[in-house]
Amino acid sequence: MLSAIRSVRSLSRTAQLLLLNQFGVNLGFYLLIPYLATHLRENLQLSTGVIGAVLGARSLSQQGLTLFGGSAADRLGCRPVIIVGCALRTVGFAAFAFLDSLPGLFAATLLTGVAGAMFSPAARAYLAHESGDQRLRAFALLNVASEAGALLGPLLGGVLLGVAFPVVAITAAAVFALLTMAQLVVLPARAPRPAVQSVLADWRELCADRRFLLFICATSGMFVLYSQLYLTLPLEASRLSGVASTVALLFLASTLVTLGLQVRVTNWCRRHWEPTTAIGVGLALCGLAFAPLAVTGSVQPTAAGPHDGGMAAVLLSLPAISPVVVATIVLTLGVVVAQPFVLDLVPAFGRSALTGTYLGGYTMAAGIAAAIGSIAVGQVADLGVRLGMPWLPWLLLVGHGLAGTVLIGVVRARTAFPSRNRS
């Protein structure tokens, strides 16, 4: 963490504010979202299917609209799009404290998703412009800021949940309100470059960029694999241990790896490897992380079924879930190696005036890939159970990571990687 703090000080004041903004965004988000499903089920008595639809609407609206948010940042400037996005999320999160009707809940969750689709690509584009030659370092620190917020948010939310859920929602909204005001007062405006063509022409230019599309195909697997931290890895940890709350150990391990190693690993990779090498190694690590589970997938659970046995049961179950913990650590390390270089290269494929468009388009494609990948992995996992081949989904994930590595090599062999933004 000390190396991260020193690195933050080397950036401009505006870049530092953007990193603080990212910390606040994740703090507010994870303060509320982990407890929203419980609120909808226990307080509002909604069915699991309805809860899934409400939460899915947020994810779909955010991931599906980031291209629009990125284009808005290019056309209108990053600052106003960030401010409006945070203001909309303030309203959306505050609404959860008061609304109990299904139409109102869908409106609130859609509003929060649209808000994220606005400020996320805009903030990344602003940071890319502002950090200049330090863009790689800035994106590494952005990952650290995100993880720090994701770590503290659920802890604060858990304390406030002991009072009442509306307190959680209002506090989360207050975080975004403070971010909105801070950006209004401190964040300097950056005038967008004059548009030389229509928005549709911008999108056609992006879609016609074969190098960029190949890059998306090669690297989106990282997001497919990392999304397993929310799907197959928690399920496997619960299956092996019989203790549902062991899932917390996985997220703790992932967060500690990111906070402790991100800056050091990025600096080392920058000194010793080309960006394409770092991305390829990172993808390989993400895939190989699941190899131990392909071996231990047939291990029988230690208990009859998942239950919440408290902290003592969680600690006692650690030996049983050690393969899952190792997989989580290696998976996170792969993301730590690859992600800053991926985000650093994305703007370099397009013109500087299209930085937000390319970042938004990439985020949208990665989100769609993660959603489709999770569905496919779930189906393969069910198939593996029916066929008596529990190792099948893990082998698929290993192959997915290695295939991405090979594709990165193909892109590199074709010299299809850019160096810096075109004018």
# chains A, B, ... in the order shown; residues from 1 in each chain; ligands from 1
>>> select_by_dssp(residues="stretch 33-235 of chain A", states="alpha helix (DSSP H)", output="JSON, numbers by chain")
{"A": [33, 34, 35, 36, 37, 38, 48, 49, 50, 51, 52, 53, 54, 55, 56, 57, 58, 59, 60, 61, 62, 63, 64, 66, 67, 68, 69, 70, 71, 72, 73, 74, 75, 76, 78, 79, 80, 81, 82, 83, 84, 85, 86, 87, 88, 89, 90, 91, 92, 93, 94, 95, 102, 103, 104, 105, 106, 107, 108, 109, 110, 111, 112, 113, 114, 115, 116, 117, 118, 119, 120, 121, 122, 123, 124, 125, 126, 127, 128, 129, 130, 131, 135, 136, 137, 138, 139, 140, 141, 142, 143, 144, 145, 146, 147, 148, 149, 150, 151, 152, 153, 154, 155, 156, 157, 158, 159, 160, 161, 165, 166, 167, 168, 169, 170, 171, 172, 173, 174, 175, 176, 177, 178, 179, 180, 181, 182, 183, 184, 185, 186, 199, 200, 201, 202, 203, 204, 205, 206, 207, 210, 211, 212, 213, 214, 215, 216, 217, 218, 219, 220, 221, 222, 223, 224, 225, 226, 232, 233, 234, 235]}
>>> write_last_selection(atoms="C-alpha atoms", output="short mmCIF file (atom, residue, chain, number, x, y, z; two decimals), in the first residue's frame")
data_model
loop_
_atom_site.label_atom_id
_atom_site.label_comp_id
_atom_site.auth_asym_id
_atom_site.auth_seq_id
_atom_site.Cartn_x
_atom_site.Cartn_y
_atom_site.Cartn_z
CA ILE A 33 -25.70 -3.50 -3.57
CA PRO A 34 -24.55 -6.57 -1.54
CA TYR A 35 -27.54 -6.07 0.79
CA LEU A 36 -30.15 -5.13 -1.80
CA ALA A 37 -31.21 -8.70 -2.58
CA THR A 38 -31.73 -9.46 1.11
CA THR A 48 -36.22 -14.92 -6.17
CA GLY A 49 -37.15 -14.59 -9.83
CA VAL A 50 -38.30 -11.01 -9.39
CA ILE A 51 -35.18 -10.16 -7.38
CA GLY A 52 -33.03 -11.58 -10.15
CA ALA A 53 -34.88 -9.47 -12.70
CA VAL A 54 -34.40 -6.30 -10.65
CA LEU A 55 -30.68 -6.89 -10.16
CA GLY A 56 -30.23 -8.03 -13.74
CA ALA A 57 -31.85 -4.85 -15.01
CA ARG A 58 -29.14 -2.80 -13.32
CA SER A 59 -26.34 -4.88 -14.75
CA LEU A 60 -27.85 -4.93 -18.24
CA SER A 61 -28.54 -1.19 -18.31
CA GLN A 62 -25.04 -0.35 -17.10
CA GLN A 63 -23.02 -2.76 -19.24
CA GLY A 64 -25.23 -2.31 -22.29
CA THR A 66 -21.40 2.23 -21.68
CA LEU A 67 -20.83 2.88 -25.38
CA PHE A 68 -23.39 5.69 -25.16
CA GLY A 69 -21.72 7.05 -22.02
CA GLY A 70 -18.30 6.97 -23.68
CA SER A 71 -19.59 8.78 -26.77
CA ALA A 72 -21.27 11.39 -24.57
CA ALA A 73 -17.93 11.99 -22.84
CA ASP A 74 -16.24 12.53 -26.21
CA ARG A 75 -18.96 14.91 -27.42
CA LEU A 76 -19.88 16.83 -24.27
CA CYS A 78 -15.89 14.04 -19.48
CA ARG A 79 -16.60 16.33 -16.52
CA PRO A 80 -20.33 16.98 -17.12
CA VAL A 81 -21.00 13.32 -17.92
CA ILE A 82 -19.28 12.21 -14.70
CA ILE A 83 -21.20 14.77 -12.66
CA VAL A 84 -24.59 13.89 -14.17
CA GLY A 85 -23.88 10.17 -13.73
CA CYS A 86 -23.05 10.54 -10.04
CA ALA A 87 -26.09 12.77 -9.51
CA LEU A 88 -28.36 10.17 -11.13
CA ARG A 89 -26.95 7.44 -8.93
CA THR A 90 -27.58 9.66 -5.89
CA VAL A 91 -31.25 9.78 -6.83
CA GLY A 92 -31.41 6.07 -7.69
CA PHE A 93 -29.83 4.89 -4.45
CA ALA A 94 -31.92 7.27 -2.34
CA ALA A 95 -35.07 5.90 -4.02
CA LEU A 102 -42.14 -3.13 -8.33
CA PRO A 103 -42.33 -0.39 -11.01
CA GLY A 104 -40.55 2.00 -8.64
CA LEU A 105 -37.83 -0.53 -7.88
CA PHE A 106 -37.24 -1.17 -11.57
CA ALA A 107 -37.06 2.56 -12.20
CA ALA A 108 -34.52 2.99 -9.40
CA THR A 109 -32.34 0.10 -10.53
CA LEU A 110 -32.43 1.25 -14.17
CA LEU A 111 -31.48 4.75 -13.06
CA THR A 112 -28.47 3.44 -11.14
CA GLY A 113 -27.41 1.37 -14.14
CA VAL A 114 -27.66 4.29 -16.56
CA ALA A 115 -25.68 6.39 -14.08
CA GLY A 116 -22.84 3.85 -14.05
CA ALA A 117 -22.89 3.66 -17.85
CA MET A 118 -22.30 7.42 -17.89
CA PHE A 119 -19.61 8.05 -15.30
CA SER A 120 -17.58 4.84 -15.71
CA PRO A 121 -16.28 5.32 -19.29
CA ALA A 122 -16.17 9.09 -18.81
CA ALA A 123 -13.96 8.80 -15.72
CA ARG A 124 -11.62 6.36 -17.47
CA ALA A 125 -11.41 8.58 -20.52
CA TYR A 126 -10.67 11.64 -18.37
CA LEU A 127 -7.98 9.71 -16.50
CA ALA A 128 -6.47 8.51 -19.80
CA HIS A 129 -6.29 12.09 -21.08
CA GLU A 130 -5.06 13.55 -17.81
CA SER A 131 -2.36 11.00 -16.97
CA ARG A 135 -1.54 6.23 -18.11
CA LEU A 136 -0.45 2.68 -17.28
CA ARG A 137 0.34 3.65 -13.69
CA ALA A 138 -2.92 5.56 -13.42
CA PHE A 139 -4.98 2.55 -14.53
CA ALA A 140 -3.13 0.30 -12.08
CA LEU A 141 -3.97 2.74 -9.28
CA LEU A 142 -7.55 2.89 -10.52
CA ASN A 143 -7.77 -0.85 -9.84
CA VAL A 144 -6.35 -0.33 -6.35
CA ALA A 145 -8.85 2.46 -5.62
CA SER A 146 -11.69 0.24 -6.84
CA GLU A 147 -10.68 -2.65 -4.61
CA ALA A 148 -10.23 -0.42 -1.58
CA GLY A 149 -13.76 0.91 -1.99
CA ALA A 150 -15.09 -2.60 -2.60
CA LEU A 151 -13.44 -3.74 0.64
CA LEU A 152 -14.71 -0.96 2.90
CA GLY A 153 -18.18 -0.58 1.37
CA PRO A 154 -19.67 -3.90 2.55
CA LEU A 155 -18.14 -3.46 6.01
CA LEU A 156 -19.81 -0.07 6.46
CA GLY A 157 -23.03 -1.34 4.92
CA GLY A 158 -23.09 -4.30 7.29
CA VAL A 159 -22.84 -1.97 10.30
CA LEU A 160 -25.59 0.33 9.01
CA LEU A 161 -27.81 -2.63 8.13
CA PHE A 165 -31.90 -0.78 5.30
CA PRO A 166 -33.14 2.76 4.51
CA VAL A 167 -30.13 4.07 6.46
CA VAL A 168 -27.87 2.02 4.19
CA ALA A 169 -29.54 3.41 1.07
CA ILE A 170 -29.44 7.03 2.27
CA THR A 171 -25.79 6.71 3.27
CA ALA A 172 -24.87 5.27 -0.13
CA ALA A 173 -26.77 8.10 -1.81
CA ALA A 174 -24.95 10.61 0.41
CA VAL A 175 -21.60 9.24 -0.79
CA PHE A 176 -22.58 9.92 -4.40
CA ALA A 177 -24.00 13.33 -3.47
CA LEU A 178 -20.64 14.27 -1.93
CA LEU A 179 -18.83 13.02 -5.03
CA THR A 180 -21.13 15.10 -7.23
CA MET A 181 -20.47 18.25 -5.23
CA ALA A 182 -16.72 17.63 -5.10
CA GLN A 183 -16.59 17.25 -8.87
CA LEU A 184 -18.60 20.43 -9.37
CA VAL A 185 -16.19 22.39 -7.20
CA VAL A 186 -12.79 20.80 -7.85
CA VAL A 199 -21.93 9.69 -33.47
CA LEU A 200 -23.09 6.89 -35.76
CA ALA A 201 -19.99 7.44 -37.89
CA ASP A 202 -17.88 7.17 -34.72
CA TRP A 203 -19.50 3.84 -33.93
CA ARG A 204 -19.02 2.61 -37.49
CA GLU A 205 -15.36 3.56 -37.24
CA LEU A 206 -15.04 1.55 -34.04
CA CYS A 207 -16.85 -1.48 -35.47
CA ARG A 210 -10.55 -5.02 -37.08
CA ARG A 211 -7.47 -4.72 -34.90
CA PHE A 212 -9.60 -3.50 -32.01
CA LEU A 213 -12.24 -6.20 -32.52
CA LEU A 214 -9.51 -8.85 -32.49
CA PHE A 215 -8.10 -7.29 -29.32
CA ILE A 216 -11.55 -7.48 -27.71
CA CYS A 217 -11.86 -11.17 -28.64
CA ALA A 218 -8.43 -11.89 -27.19
CA THR A 219 -8.80 -10.02 -23.90
CA SER A 220 -12.50 -10.20 -23.03
CA GLY A 221 -11.81 -13.71 -21.74
CA MET A 222 -10.16 -12.05 -18.74
CA PHE A 223 -13.54 -10.67 -17.70
CA VAL A 224 -15.27 -14.00 -18.38
CA LEU A 225 -12.78 -15.74 -16.10
CA TYR A 226 -12.80 -13.06 -13.39
CA THR A 232 -18.45 -21.00 -9.86
CA LEU A 233 -15.78 -20.27 -7.24
CA PRO A 234 -18.24 -19.39 -4.43
CA LEU A 235 -20.38 -22.40 -5.33
#
>>> closest_residue(among="A:Leu333, A:Ala348, A:Ala327, A:Ala291", to="A:Gly132", atoms="only C-alpha atoms")
A:Ala348
>>> closest_residue(among="A:Ser101, A:Gln379, A:Gln262, A:Ser241", to="A:Gln339", atoms="only C-alpha atoms")
A:Gln262
>>> closest_residue(among="A:Gly28, A:Pro194, A:Gly260, A:Pro323", to="A:Ala294", atoms="only C-alpha atoms")
A:Pro323
>>> atom_distance(atom1="atom CA of A:Leu293", atom2="atom CA of A:Ile279")
23.3 Å
>>> atom_distance(atom1="atom CA of A:Gln22", atom2="atom CA of A:Gly77")
18.0 Å
>>> residues_around(residues="stretch 386-395 of chain A", least_positions_apart="6", cutoff="10 Å", atoms="only C-alpha atoms", output="short mmCIF file (atom, residue, chain, number, x, y, z; two decimals) with N, CA, C and O atoms, in the first residue's frame")
data_model
loop_
_atom_site.label_atom_id
_atom_site.label_comp_id
_atom_site.auth_asym_id
_atom_site.auth_seq_id
_atom_site.Cartn_x
_atom_site.Cartn_y
_atom_site.Cartn_z
N THR A 232 -18.88 -19.63 -10.11
CA THR A 232 -18.45 -21.00 -9.86
C THR A 232 -17.55 -21.14 -8.63
O THR A 232 -17.62 -22.14 -7.92
N GLY A 287 -6.40 -18.39 -16.79
CA GLY A 287 -6.88 -19.71 -17.18
C GLY A 287 -6.34 -20.82 -16.31
O GLY A 287 -7.08 -21.69 -15.84
N LEU A 288 -5.02 -20.79 -16.07
CA LEU A 288 -4.39 -21.84 -15.27
C LEU A 288 -4.86 -21.84 -13.82
O LEU A 288 -4.70 -22.85 -13.12
N ALA A 289 -5.42 -20.73 -13.37
CA ALA A 289 -5.94 -20.67 -12.00
C ALA A 289 -6.96 -21.77 -11.73
O ALA A 289 -7.09 -22.26 -10.60
N PHE A 290 -7.67 -22.19 -12.77
CA PHE A 290 -8.74 -23.19 -12.58
C PHE A 290 -8.24 -24.62 -12.73
O PHE A 290 -9.03 -25.56 -12.53
N ALA A 291 -6.97 -24.79 -13.06
CA ALA A 291 -6.43 -26.13 -13.23
C ALA A 291 -6.52 -26.98 -11.96
O ALA A 291 -6.89 -28.16 -12.03
N PRO A 292 -6.20 -26.44 -10.76
CA PRO A 292 -6.34 -27.27 -9.55
C PRO A 292 -7.75 -27.78 -9.33
O PRO A 292 -7.95 -28.90 -8.83
N LEU A 293 -8.74 -27.00 -9.74
CA LEU A 293 -10.13 -27.40 -9.52
C LEU A 293 -10.55 -28.49 -10.50
O LEU A 293 -11.46 -29.27 -10.21
N ALA A 294 -9.89 -28.54 -11.66
CA ALA A 294 -10.16 -29.64 -12.59
C ALA A 294 -9.70 -30.96 -11.99
O ALA A 294 -10.25 -32.02 -12.30
N VAL A 295 -8.70 -30.89 -11.11
CA VAL A 295 -8.19 -32.09 -10.44
C VAL A 295 -9.03 -32.45 -9.22
O VAL A 295 -9.32 -33.62 -8.97
N THR A 296 -9.43 -31.44 -8.46
CA THR A 296 -10.14 -31.69 -7.20
C THR A 296 -11.66 -31.62 -7.35
O THR A 296 -12.38 -31.70 -6.36
N GLY A 297 -12.15 -31.46 -8.58
CA GLY A 297 -13.59 -31.29 -8.77
C GLY A 297 -14.42 -32.47 -8.29
O GLY A 297 -15.60 -32.32 -8.02
N SER A 298 -13.82 -33.65 -8.22
CA SER A 298 -14.56 -34.84 -7.79
C SER A 298 -14.50 -35.07 -6.29
O SER A 298 -15.08 -36.03 -5.78
N VAL A 299 -13.79 -34.19 -5.56
CA VAL A 299 -13.67 -34.35 -4.11
C VAL A 299 -15.04 -34.17 -3.46
O VAL A 299 -15.79 -33.24 -3.79
N ALA A 376 -22.76 -19.85 -20.22
CA ALA A 376 -22.18 -21.04 -20.84
C ALA A 376 -21.50 -21.93 -19.79
O ALA A 376 -21.67 -23.16 -19.81
N VAL A 377 -20.75 -21.31 -18.89
CA VAL A 377 -20.07 -22.09 -17.85
C VAL A 377 -21.08 -22.78 -16.95
O VAL A 377 -20.91 -23.95 -16.56
N GLY A 378 -22.15 -22.08 -16.61
CA GLY A 378 -23.20 -22.70 -15.79
C GLY A 378 -23.82 -23.90 -16.47
O GLY A 378 -24.06 -24.94 -15.84
N GLN A 379 -24.08 -23.77 -17.79
CA GLN A 379 -24.67 -24.89 -18.53
C GLN A 379 -23.70 -26.07 -18.60
O GLN A 379 -24.09 -27.23 -18.45
N VAL A 380 -22.40 -25.77 -18.81
CA VAL A 380 -21.40 -26.84 -18.89
C VAL A 380 -21.24 -27.51 -17.52
O VAL A 380 -21.04 -28.73 -17.44
#
>>> atom_distance(atom1="atom CA of A:Leu397", atom2="atom CA of A:Leu345")
24.6 Å
>>> residues_around(residues="A:Leu283", least_positions_apart="3", cutoff="7 Å", atoms="only C-alpha atoms", output="list of chain:residue names")
A:Met222, A:Ile279, A:Gly280, A:Cys286, A:Gly287, A:Gly334, A:Ala338, A:Gly401, A:Leu402, A:Gly404, A:Thr405
